[in-house]
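Novice: To be precise about what I am sending: the file is called coords36.cif and holds mmCIF, C-alpha atoms.
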data_work
loop_
_atom_site.label_atom_id
_atom_site.label_comp_id
_atom_site.auth_asym_id
_atom_site.auth_seq_id
_atom_site.Cartn_x
_atom_site.Cartn_y
_atom_site.Cartn_z
CA MET X 1294 135.13 135.12 78.76
CA VAL X 1295 131.84 136.99 78.54
CA LEU X 1296 133.56 139.90 76.79
CA ALA X 1297 135.05 137.39 74.35
CA PHE X 1298 131.59 135.90 73.75
CA LEU X 1299 130.38 139.38 72.82
CA ALA X 1300 133.14 139.73 70.27
CA ILE X 1301 132.28 136.31 68.82
CA GLY X 1302 128.63 137.28 68.50
CA ALA X 1303 129.46 140.57 66.81
CA ALA X 1304 131.86 138.86 64.40
CA LEU X 1305 128.97 136.74 63.09
CA ALA X 1306 127.19 139.83 61.77
CA PRO X 1307 127.38 140.58 58.02
CA ARG X 1308 128.95 143.92 58.93
CA ILE X 1309 130.57 144.87 62.23
CA LEU X 1310 129.60 148.29 63.53
CA TRP X 1311 132.59 148.83 65.79
CA GLY X 1312 130.96 151.56 67.86
CA ARG X 1313 128.16 149.18 68.81
CA LEU X 1314 130.64 146.44 69.69
CA ILE X 1315 132.51 148.81 72.01
CA ALA X 1316 129.20 149.92 73.53
CA ILE X 1317 128.02 146.40 74.36
CA GLU X 1318 131.44 145.49 75.71
CA VAL X 1319 131.20 148.47 78.08
CA ILE X 1320 127.62 147.53 78.99
CA TYR X 1321 128.56 144.00 80.00
CA PHE X 1322 131.76 145.10 81.72
CA LEU X 1323 129.80 147.49 83.92
CA ALA X 1324 126.88 145.14 84.55
CA LEU X 1325 128.78 141.88 85.02
CA ALA X 1326 132.43 142.52 85.83
CA ILE X 1327 131.47 145.18 88.38
CA GLY X 1328 127.74 145.06 89.16
CA ALA X 1329 127.26 141.29 89.27
CA HIS X 1330 130.35 140.74 91.41
CA ALA X 1331 129.17 143.38 93.86
CA LEU X 1332 125.79 141.66 94.07
CA ASP X 1333 127.49 138.29 94.46
CA ALA X 1334 129.42 139.65 97.44
CA LEU X 1335 126.09 140.84 98.88
CA GLY X 1336 124.06 137.73 98.27
CA SER X 1337 126.50 134.84 98.35
CA SER X 1338 126.08 132.39 101.20
CA GLY X 1339 129.57 131.01 100.63
CA TRP X 1340 132.66 132.26 98.82
CA ARG X 1341 132.63 136.01 98.15
CA PRO X 1342 134.53 137.26 95.08
CA TRP X 1343 135.67 140.48 96.78
CA GLY X 1344 135.96 139.11 100.29
CA GLU X 1345 135.32 141.77 102.94
CA ALA X 1346 136.94 144.62 101.01
CA PHE X 1347 133.72 146.66 100.93
CA THR X 1348 130.87 147.32 103.33
CA ARG X 1349 127.38 146.21 102.34
CA ARG X 1350 126.41 149.83 101.73
CA GLN X 1351 129.41 150.32 99.45
CA LEU X 1352 128.56 147.11 97.58
CA ARG X 1353 124.98 148.29 97.01
CA THR X 1354 126.24 151.63 95.73
CA ILE X 1355 128.75 149.98 93.38
CA ALA X 1356 126.18 147.47 92.11
CA PHE X 1357 123.38 149.91 91.37
CA ALA X 1358 125.68 152.61 89.96
CA SER X 1359 127.40 150.23 87.55
CA ILE X 1360 124.23 148.39 86.49
CA GLY X 1361 122.39 151.72 86.14
CA ALA X 1362 125.15 153.10 83.92
CA ALA X 1363 125.08 149.92 81.81
CA TYR X 1364 121.33 150.18 81.29
CA ALA X 1365 121.56 153.89 80.48
CA ILE X 1366 123.87 153.05 77.57
CA ALA X 1367 121.73 150.08 76.55
CA VAL X 1368 118.48 152.07 76.56
CA TYR X 1369 120.02 154.68 74.27
CA TYR X 1370 120.84 152.02 71.67
CA MET X 1371 117.57 150.14 72.13
CA LEU X 1372 115.49 153.27 71.60
CA ARG X 1373 117.44 154.44 68.56
CA TYR X 1374 118.76 151.36 66.78
CA VAL X 1375 118.12 147.91 68.26
CA PRO X 1376 114.62 147.45 69.74
CA LEU X 1377 115.07 143.67 69.51
CA LEU X 1378 117.61 143.99 72.32
CA TRP X 1379 114.85 144.79 74.86
CA PRO X 1380 114.03 141.11 75.65
CA MET X 1381 117.73 140.36 76.09
CA ALA X 1382 118.12 143.33 78.44
CA ALA X 1383 115.14 142.16 80.48
CA LEU X 1384 116.50 138.61 80.76
CA GLU X 1385 120.01 139.72 81.70
CA GLY X 1386 118.57 142.18 84.20
CA PHE X 1387 116.62 139.38 85.83
CA PHE X 1388 119.58 137.01 85.99
CA VAL X 1389 122.06 139.56 87.30
CA PHE X 1390 119.89 139.78 90.42
CA ALA X 1391 118.34 136.29 90.56
CA TYR X 1392 121.66 134.48 90.07
CA ASN X 1393 123.92 136.62 92.22
CA LEU X 1394 121.49 137.35 95.05
CA GLU X 1395 120.28 133.73 94.96
CA TRP X 1396 116.61 134.64 94.70
CA PHE X 1397 113.91 131.95 94.89
CA HIS X 1398 116.03 129.88 97.31
CA GLY X 1399 118.91 129.79 94.84
CA ARG X 1400 116.84 128.14 92.11
CA PHE X 1401 118.61 130.18 89.42
CA HIS X 1402 122.07 129.90 91.01
CA SER X 1403 123.00 126.77 89.06
CA ASP X 1404 125.48 125.75 86.38
CA ASN X 1405 122.83 125.55 83.65
CA TRP X 1406 121.42 129.00 84.37
CA PHE X 1407 124.96 130.36 84.58
CA ALA X 1408 125.64 128.96 81.10
CA PHE X 1409 122.41 130.39 79.74
CA SER X 1410 122.76 133.87 81.24
CA TRP X 1411 126.51 134.43 80.88
CA GLY X 1412 127.23 132.14 77.93
CA PHE X 1413 124.23 131.92 75.62
CA LEU X 1414 122.68 135.38 76.03
CA PRO X 1415 125.83 137.54 75.60
CA THR X 1416 126.71 136.00 72.22
CA LEU X 1417 123.17 136.48 70.99
CA ALA X 1418 122.95 140.00 72.45
CA ALA X 1419 126.10 141.10 70.62
CA TYR X 1420 124.76 139.77 67.32
CA ILE X 1421 121.45 141.55 67.88
CA MET X 1422 123.32 144.74 68.79
CA GLU X 1423 124.95 144.65 65.36
CA THR X 1424 121.98 143.58 63.27
CA ASN X 1425 118.72 144.02 65.22
CA ALA X 1426 117.94 140.52 63.99
CA LEU X 1427 118.36 136.84 64.82
CA SER X 1428 119.99 134.12 62.75
CA VAL X 1429 120.43 130.36 62.95
CA GLY X 1430 124.21 130.78 62.93
CA ALA X 1431 124.09 133.13 65.90
CA LEU X 1432 121.85 130.74 67.83
CA VAL X 1433 124.20 127.81 67.16
CA CYS X 1434 127.25 129.81 68.26
CA ALA X 1435 125.37 130.97 71.37
CA CYS X 1436 124.80 127.30 72.23
CA ALA X 1437 128.54 126.71 71.80
CA THR X 1438 129.50 129.56 74.14
CA ALA X 1439 126.96 128.26 76.66
CA LEU X 1440 128.80 124.92 76.61
CA PHE X 1441 132.12 126.72 77.08
CA SER X 1442 130.57 128.36 80.15
CA ILE X 1443 129.51 124.97 81.51
CA VAL X 1444 133.10 123.76 81.29
CA GLU X 1445 134.33 126.93 83.00
CA ILE X 1446 131.88 126.90 85.90
CA ARG X 1447 132.18 123.16 86.55
CA ALA X 1448 135.96 123.44 86.76
CA SER X 1449 135.80 126.70 88.70
CA ARG X 1450 133.66 125.49 91.60
CA PRO X 1451 135.89 122.58 92.72
CA TYR X 1452 139.00 124.67 92.01
CA LYS X 1453 137.83 127.36 94.44
CA THR X 1454 136.92 124.74 97.02
CA LEU X 1455 140.38 123.18 96.84
CA LYS X 1456 142.18 126.53 96.82
CA LYS X 1457 140.48 127.55 100.06
CA LEU X 1458 142.15 124.57 101.78
CA GLY X 1459 145.54 126.22 101.29
CA SER X 1460 148.39 124.40 103.01
CA ALA X 1461 145.96 121.78 104.32
CA MET X 1462 145.70 120.19 100.86
CA THR X 1463 147.05 116.71 100.32
CA GLU X 1464 149.43 116.01 97.45
CA GLU X 1465 146.57 114.44 95.49
CA GLN X 1466 144.42 117.53 96.04
CA VAL X 1467 147.26 119.79 94.88
CA HIS X 1468 147.54 117.82 91.64
CA LEU X 1469 143.75 117.98 91.20
CA MET X 1470 143.73 121.75 91.76
CA VAL X 1471 146.50 122.18 89.18
CA ARG X 1472 144.45 120.13 86.73
CA TYR X 1473 141.37 122.32 87.26
CA GLU X 1474 143.53 125.42 86.91
CA SER X 1475 144.87 124.22 83.56
CA ILE X 1476 141.30 123.62 82.36
CA LEU X 1477 140.27 127.13 83.42
CA LYS X 1478 143.30 128.74 81.77
CA GLY X 1479 142.83 126.72 78.60
CA ILE X 1480 139.11 127.46 78.16
CA SER X 1481 139.48 131.16 78.98
CA LEU X 1482 142.58 131.78 76.86
CA GLY X 1483 141.18 129.71 74.00
CA THR X 1484 137.95 131.71 74.03
CA MET X 1485 139.79 135.02 74.06
CA LEU X 1486 142.09 133.98 71.22
CA MET X 1487 139.11 132.80 69.18
CA ALA X 1488 137.39 136.15 69.66
CA ALA X 1489 140.55 138.08 68.83
CA GLY X 1490 141.15 135.98 65.71
CA LEU X 1491 137.61 136.51 64.45
CA LEU X 1492 137.83 140.28 64.96
CA VAL X 1493 141.24 140.55 63.32
CA GLY X 1494 139.95 138.49 60.41
CA ARG X 1495 136.92 140.75 59.97
CA ALA X 1496 138.95 143.95 60.35
CA SER X 1497 141.41 142.87 57.65
CA ARG X 1498 138.74 142.30 55.01
#
Spell out the structure here as structure tokens.

Specialist:
Amino acid sequence: MVLAFLAIGAALAPRILWGRLIAIEVIYFLALAIGAHALDALGSSGWRPWGEAFTRRQLRTIAFASIGAAYAIAVYYMLRYVPLLWPMAALEGFFVFAYNLEWFHGRFHSDNWFAFSWGFLPTLAAYIMETNALSVGALVCACATALFSIVEIRASRPYKTLKKLGSAMTEEQVHLMVRYESILKGISLGTMLMAAGLLVGRASR
């Protein structure tokens, strides 16, 4: 969904610079899809996204290598083209550690901060990457993607809890898990289709 939010943010720009869109997609893929999940496996006190597949040393190596590579790409663009992206990079850098490692007694490991860091900021960052500017439209759409993230995380948490019960689930719990799963599939697929539609529409102009 975060990669889709990036595409939505870029599609709001008066002109899409496709190289920059690819670059920010790679940045977020490295930092979030790889780095953040590695940190989550290190810092989580409960469910771990990668289980016990890696040692703690391997997780640290994966996290810092992927996040370092993401910031190397970002710094190149921020120095040459988009200095306004610096505050976004600082905020995302803070949240990738504070959220996933549950710093400050987990104060930032909440649904609202999840929506802000992985819903609001990516959409705005992608728009800034294209324009080195802010706009009211981009801010409004960033609020919308933050709300999409709230739906996703609030359905995801109970879904994971129920799924861990496995064969111990009651029939009612099975039906509830299926309902959460349909919400997750709907919000994620809908977001991806929206992003794809916006990009196809812009590319065909």

Novice: Between CA of Phe1387 in chain X and CA of Tyr1370 in chain X, what is the distance in Å, rounded to a tenth?

Specialist: 19.4 Å

Novice: Considering all atoms listed in the file, return as a ChimeraX atom specification whatever protein or nucleic-acid residues lie within 9 Å of Asp1404 in chain X, sequence-local ones (same chain, fewer than 5 positions apart) excluded.

Specialist: /X:1409,1442-1443,1446-1447

Novice: Report, in Å to a single decimal, how far apart CA of Gly1336 in chain X and CA of Val1389 in chain X are.

Specialist: 11.3 Å

Novice: Decode the PyMOL selection byres ((chain X and resi 1481) around 10) for the given file into explicit residues and return them as an NGL selection string.

Specialist: :X and (1294-1295 or 1297 or 1441-1442 or 1445 or 1475-1480 or 1482-1487)

Novice: Taking C-alpha atoms for each residue, export the selection above as a compact mmCIF listing (two decimals), in the frame of the given file.

Specialist:
# COMPACT_ATOMS: atom_id res chain seq x y z
CA MET X 1294 135.13 135.12 78.76
CA VAL X 1295 131.84 136.99 78.54
CA ALA X 1297 135.05 137.39 74.35
CA PHE X 1441 132.12 126.72 77.08
CA SER X 1442 130.57 128.36 80.15
CA GLU X 1445 134.33 126.93 83.00
CA SER X 1475 144.87 124.22 83.56
CA ILE X 1476 141.30 123.62 82.36
CA LEU X 1477 140.27 127.13 83.42
CA LYS X 1478 143.30 128.74 81.77
CA GLY X 1479 142.83 126.72 78.60
CA ILE X 1480 139.11 127.46 78.16
CA LEU X 1482 142.58 131.78 76.86
CA GLY X 1483 141.18 129.71 74.00
CA THR X 1484 137.95 131.71 74.03
CA MET X 1485 139.79 135.02 74.06
CA LEU X 1486 142.09 133.98 71.22
CA MET X 1487 139.11 132.80 69.18

Novice: For the file shown, what are the residues hit by the PyMOL selection byres ((chain X and resi 1322) around 12), laid out as a ChimeraX atom specification?

Specialist: /X:1294-1297,1299,1315-1321,1323-1330,1359-1360,1362-1364,1366,1411,1415

Novice: Residues near Lys1456 in chain X, anyone? I mean within 12 Å using all atoms listed in the file, not counting same-chain ones fewer than 6 positions away, as a PyMOL selection string.

Specialist: chain X and resi 1340+1449-1450+1462-1463+1466-1471+1473-1474

Novice: Those residues you just picked out, can you put them in a file as a PDB file, in the coordinates of the input with C-alpha atoms?

Specialist:
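Result file follows (out-v4.pdb):
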ATOM      1  CA  TRP X1340     132.660 132.260  98.820  1.00  0.00           C
ATOM      2  CA  SER X1449     135.800 126.700  88.700  1.00  0.00           C
ATOM      3  CA  ARG X1450     133.660 125.490  91.600  1.00  0.00           C
ATOM      4  CA  MET X1462     145.700 120.190 100.860  1.00  0.00           C
ATOM      5  CA  THR X1463     147.050 116.710 100.320  1.00  0.00           C
ATOM      6  CA  GLN X1466     144.420 117.530  96.040  1.00  0.00           C
ATOM      7  CA  VAL X1467     147.260 119.790  94.880  1.00  0.00           C
ATOM      8  CA  HIS X1468     147.540 117.820  91.640  1.00  0.00           C
ATOM      9  CA  LEU X1469     143.750 117.980  91.200  1.00  0.00           C
ATOM     10  CA  MET X1470     143.730 121.750  91.760  1.00  0.00           C
ATOM     11  CA  VAL X1471     146.500 122.180  89.180  1.00  0.00           C
ATOM     12  CA  TYR X1473     141.370 122.320  87.260  1.00  0.00           C
ATOM     13  CA  GLU X1474     143.530 125.420  86.910  1.00  0.00           C
TER      14      GLU X1474
END

Novice: List, as a PyMOL selection string, every residue that the PyMOL selection byres ((chain X and resi 1426) around 12) selects in the file provided.

Specialist: chain X and resi 1303+1305-1307+1374-1378+1417-1425+1427-1432

Novice: Can you tell me how far CA of Leu1352 in chain X sits from CA of Ala1331 in chain X, in Å to one decimal?

Specialist: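 Interatomic distance, CA of Leu1352 in chain X to CA of Ala1331 in chain X: 5.3 Å.
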
Novice: With all atoms listed in the file as the atoms that count, which of X:Ala1439, X:Val1368, X:Phe1357, X:Ala1334 lies nearest to Ala1382 in chain X?

Specialist: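 With all atoms listed in the file as the atom set, the closest residue is X:Val1368.
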
Novice: Tell me, as number ranges by chain, which residues lie within 9 Å of Phe1390 in chain X, counting only C-alpha atoms; anything in the same chain fewer than 4 positions away does not count.

Specialist: X: 1329, 1332-1333, 1385-1386, 1394-1396

Novice: For each of X:Phe1413, X:Leu1458, X:Gly1312, X:Pro1451, take the minimum atom-to-atom distance to Ala1437 in chain X, counting all atoms listed in the file, then give the residue where this is smallest.

Specialist: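 Counting all atoms listed in the file, the residue closest to Ala1437 in chain X is X:Phe1413.
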
Novice: Residues within 8 Å of Leu1492 in chain X, please, as number ranges by chain. Count all atoms listed in the file; anything in the same chain fewer than 6 positions from it doesn't count.

Specialist: X: 1300-1301, 1304

Novice: Name the closest residue to His1402 in chain X among the candidates X:Ala1383, X:Ala1367, X:Leu1372, X:Phe1388; distances are taken between atoms, counting only C-alpha atoms.

Specialist: X:Phe1388
